[in-house]
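The file coords_27.cif contains mmCIF, C-alpha atoms, pLDDT in the B column; chains and numbers go by the auth columns:
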data_start
loop_
_atom_site.group_PDB
_atom_site.id
_atom_site.type_symbol
_atom_site.label_atom_id
_atom_site.label_comp_id
_atom_site.label_asym_id
_atom_site.label_seq_id
_atom_site.Cartn_x
_atom_site.Cartn_y
_atom_site.Cartn_z
_atom_site.B_iso_or_equiv
_atom_site.auth_seq_id
_atom_site.auth_asym_id
ATOM 1 C CA MET A 1 -67.010 126.728 138.863 86.00 953 A
ATOM 2 C CA VAL A 2 -69.721 125.404 141.119 87.00 954 A
ATOM 3 C CA PHE A 3 -67.583 123.922 143.888 85.00 955 A
ATOM 4 C CA PRO A 4 -66.929 127.106 145.931 90.00 956 A
ATOM 5 C CA TYR A 5 -70.606 128.089 145.904 93.00 957 A
ATOM 6 C CA MET A 6 -71.690 124.557 146.707 89.00 958 A
ATOM 7 C CA PHE A 7 -69.179 124.309 149.550 90.00 959 A
ATOM 8 C CA ASP A 8 -70.435 127.601 151.023 93.00 960 A
ATOM 9 C CA ALA A 9 -74.043 126.397 150.834 93.00 961 A
ATOM 10 C CA VAL A 10 -73.708 122.752 151.876 93.00 962 A
ATOM 11 C CA GLY A 11 -70.360 122.585 153.671 94.00 963 A
ATOM 12 C CA TRP A 12 -68.532 119.290 154.146 93.00 964 A
ATOM 13 C CA LYS A 13 -71.429 117.395 152.533 94.00 965 A
ATOM 14 C CA THR A 14 -70.109 118.671 149.197 94.00 966 A
ATOM 15 C CA TYR A 15 -67.453 115.956 149.381 95.00 967 A
ATOM 16 C CA VAL A 16 -70.093 113.292 150.028 96.00 968 A
ATOM 17 C CA ILE A 17 -72.080 114.463 147.004 95.00 969 A
ATOM 18 C CA ASN A 18 -68.980 114.382 144.788 95.00 970 A
ATOM 19 C CA ALA A 19 -68.015 110.932 146.103 97.00 971 A
ATOM 20 C CA SER A 20 -71.534 109.681 145.331 97.00 972 A
ATOM 21 C CA TRP A 21 -71.275 110.899 141.731 96.00 973 A
ATOM 22 C CA ASN A 22 -67.889 109.200 141.392 97.00 974 A
ATOM 23 C CA PHE A 23 -69.286 105.928 142.728 97.00 975 A
ATOM 24 C CA LEU A 24 -72.234 106.038 140.292 97.00 976 A
ATOM 25 C CA PHE A 25 -69.866 106.760 137.425 96.00 977 A
ATOM 26 C CA ILE A 26 -67.669 103.781 138.367 97.00 978 A
ATOM 27 C CA ILE A 27 -70.728 101.512 138.222 96.00 979 A
ATOM 28 C CA PHE A 28 -71.659 102.941 134.815 94.00 980 A
ATOM 29 C CA VAL A 29 -68.142 102.393 133.464 94.00 981 A
ATOM 30 C CA TYR A 30 -68.010 98.824 134.776 92.00 982 A
ATOM 31 C CA PHE A 31 -71.236 97.769 133.055 90.00 983 A
ATOM 32 C CA TYR A 32 -71.282 99.851 129.862 87.00 984 A
ATOM 33 C CA TRP A 33 -67.725 100.490 128.687 87.00 985 A
ATOM 34 C CA VAL A 34 -66.189 97.780 126.509 83.00 986 A
ATOM 35 C CA GLU A 35 -62.640 96.512 127.092 85.00 987 A
ATOM 36 C CA THR A 36 -60.636 96.827 123.871 85.00 988 A
ATOM 37 C CA LYS A 37 -57.139 96.024 125.158 87.00 989 A
ATOM 38 C CA GLY A 38 -55.435 93.321 123.122 89.00 990 A
ATOM 39 C CA LYS A 39 -58.052 93.297 120.360 87.00 991 A
ATOM 40 C CA THR A 40 -57.479 94.077 116.704 84.00 992 A
ATOM 41 C CA LEU A 41 -59.314 96.930 115.011 82.00 993 A
ATOM 42 C CA GLU A 42 -61.541 94.417 113.247 78.00 994 A
ATOM 43 C CA GLU A 43 -62.528 92.784 116.553 82.00 995 A
ATOM 44 C CA VAL A 44 -63.278 96.194 118.092 83.00 996 A
ATOM 45 C CA ASP A 45 -65.383 97.053 115.038 79.00 997 A
ATOM 46 C CA GLU A 46 -67.414 93.875 115.548 79.00 998 A
ATOM 47 C CA LEU A 47 -67.876 94.680 119.260 81.00 999 A
ATOM 48 C CA PHE A 48 -69.411 98.069 118.568 80.00 1000 A
ATOM 49 C CA ASP A 49 -71.303 97.414 115.321 75.00 1001 A
ATOM 50 C CA GLY A 50 -71.848 93.671 115.503 69.00 1002 A
ATOM 51 C CA VAL A 51 -71.089 93.356 111.785 66.00 1003 A
ATOM 52 C CA LYS A 52 -67.812 92.547 110.108 62.00 1004 A
ATOM 53 C CA HIS A 53 -67.053 95.321 107.606 58.00 1005 A
ATOM 54 C CA SER A 54 -63.804 94.142 106.073 61.00 1006 A
ATOM 55 C CA ASP A 55 -62.420 91.186 104.184 63.00 1007 A
ATOM 56 C CA VAL A 56 -59.478 90.873 106.573 59.00 1008 A
ATOM 57 C CA PRO A 57 -59.195 87.265 107.768 62.00 1009 A
ATOM 58 C CA ASP A 58 -60.061 86.392 111.329 64.00 1010 A
ATOM 59 C CA LEU A 59 -57.316 86.468 113.933 60.00 1011 A
ATOM 60 C CA ASP A 60 -57.468 82.676 114.341 62.00 1012 A
ATOM 61 C CA GLN A 61 -56.756 82.238 110.661 64.00 1013 A
ATOM 62 C CA VAL A 62 -53.890 84.737 110.724 60.00 1014 A
ATOM 63 C CA ASN A 63 -52.290 83.088 113.752 58.00 1015 A
ATOM 64 C CA SER A 64 -52.631 79.562 112.396 61.00 1016 A
ATOM 65 C CA ASP A 65 -49.634 77.417 111.544 52.00 1017 A
ATOM 66 C CA GLU A 66 -50.197 77.841 107.838 54.00 1018 A
ATOM 67 C CA LYS A 67 -48.266 80.138 105.550 56.00 1019 A
ATOM 68 C CA ILE A 68 -49.402 81.232 102.109 54.00 1020 A
ATOM 69 C CA LEU A 69 -46.733 80.760 99.455 51.00 1021 A
ATOM 70 C CA GLY A 70 -47.609 81.252 95.808 52.00 1022 A
ATOM 71 C CA GLY A 71 -51.324 80.811 96.449 55.00 1023 A
ATOM 72 C CA GLN A 72 -50.857 77.468 98.222 61.00 1024 A
ATOM 73 C CA PHE A 73 -50.817 76.652 101.915 59.00 1025 A
ATOM 74 C CA GLU A 74 -47.693 75.202 103.444 59.00 1026 A
ATOM 75 C CA LYS A 75 -47.239 74.005 107.022 61.00 1027 A
ATOM 76 C CA VAL A 76 -44.512 75.922 108.844 60.00 1028 A
#

This entry written out as structure tokens:
Amino acid sequence: MVFPYMFDAVGWKTYVINASWNFLFIIFVYFYWVETKGKTLEEVDELFDGVKHSDVPDLDQVNSDEKILGGQFEKV
């Protein structure tokens, strides 16, 4: 562990250094991490790869008012 040695060498400024690293990391997370809450696995796959890899229908099509019965569409 580096903290005890760093605290002995630098003193209270150790906390300022650690706070600076935390602040930089927060900025990195804000700009580079992708929010995946509320997305399907297919949507997350498109976010990271940019290409759709499955034949699963889009979420808009799944949530539409149509229902497939016997190969035909029927309004619900």

Which distance in Å separates CA of Glu998 in chain A and CA of Phe977 in chain A, to one decimal?
25.5 Å

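Separating CA of Asn974 in chain A from CA of Lys989 in chain A is a distance of 23.5 Å.
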
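Rounded to one decimal, CA of Thr988 in chain A and CA of Trp973 in chain A lie 25.1 Å from each other.
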
10 Å contact set for Glu987 in chain A, all atoms listed in the file, chain neighbours under 3 positions out, as a PDB file with C-alpha atoms, in the frame of the given file:
ATOM      1  CA  TYR A 982     -68.010  98.824 134.776  1.00 92.00           C
ATOM      2  CA  TYR A 984     -71.282  99.851 129.862  1.00 87.00           C
ATOM      3  CA  GLY A 990     -55.435  93.321 123.122  1.00 89.00           C
ATOM      4  CA  LYS A 991     -58.052  93.297 120.360  1.00 87.00           C
ATOM      5  CA  VAL A 996     -63.278  96.194 118.092  1.00 83.00           C
ATOM      6  CA  LEU A 999     -67.876  94.680 119.260  1.00 81.00           C
TER       7      LEU A 999
END

Near-Thr966 in chain A list (12 Å; all atoms listed in the file; drop same-chain fewer than 6 positions) as number ranges by chain:
A: 954-960, 972-973
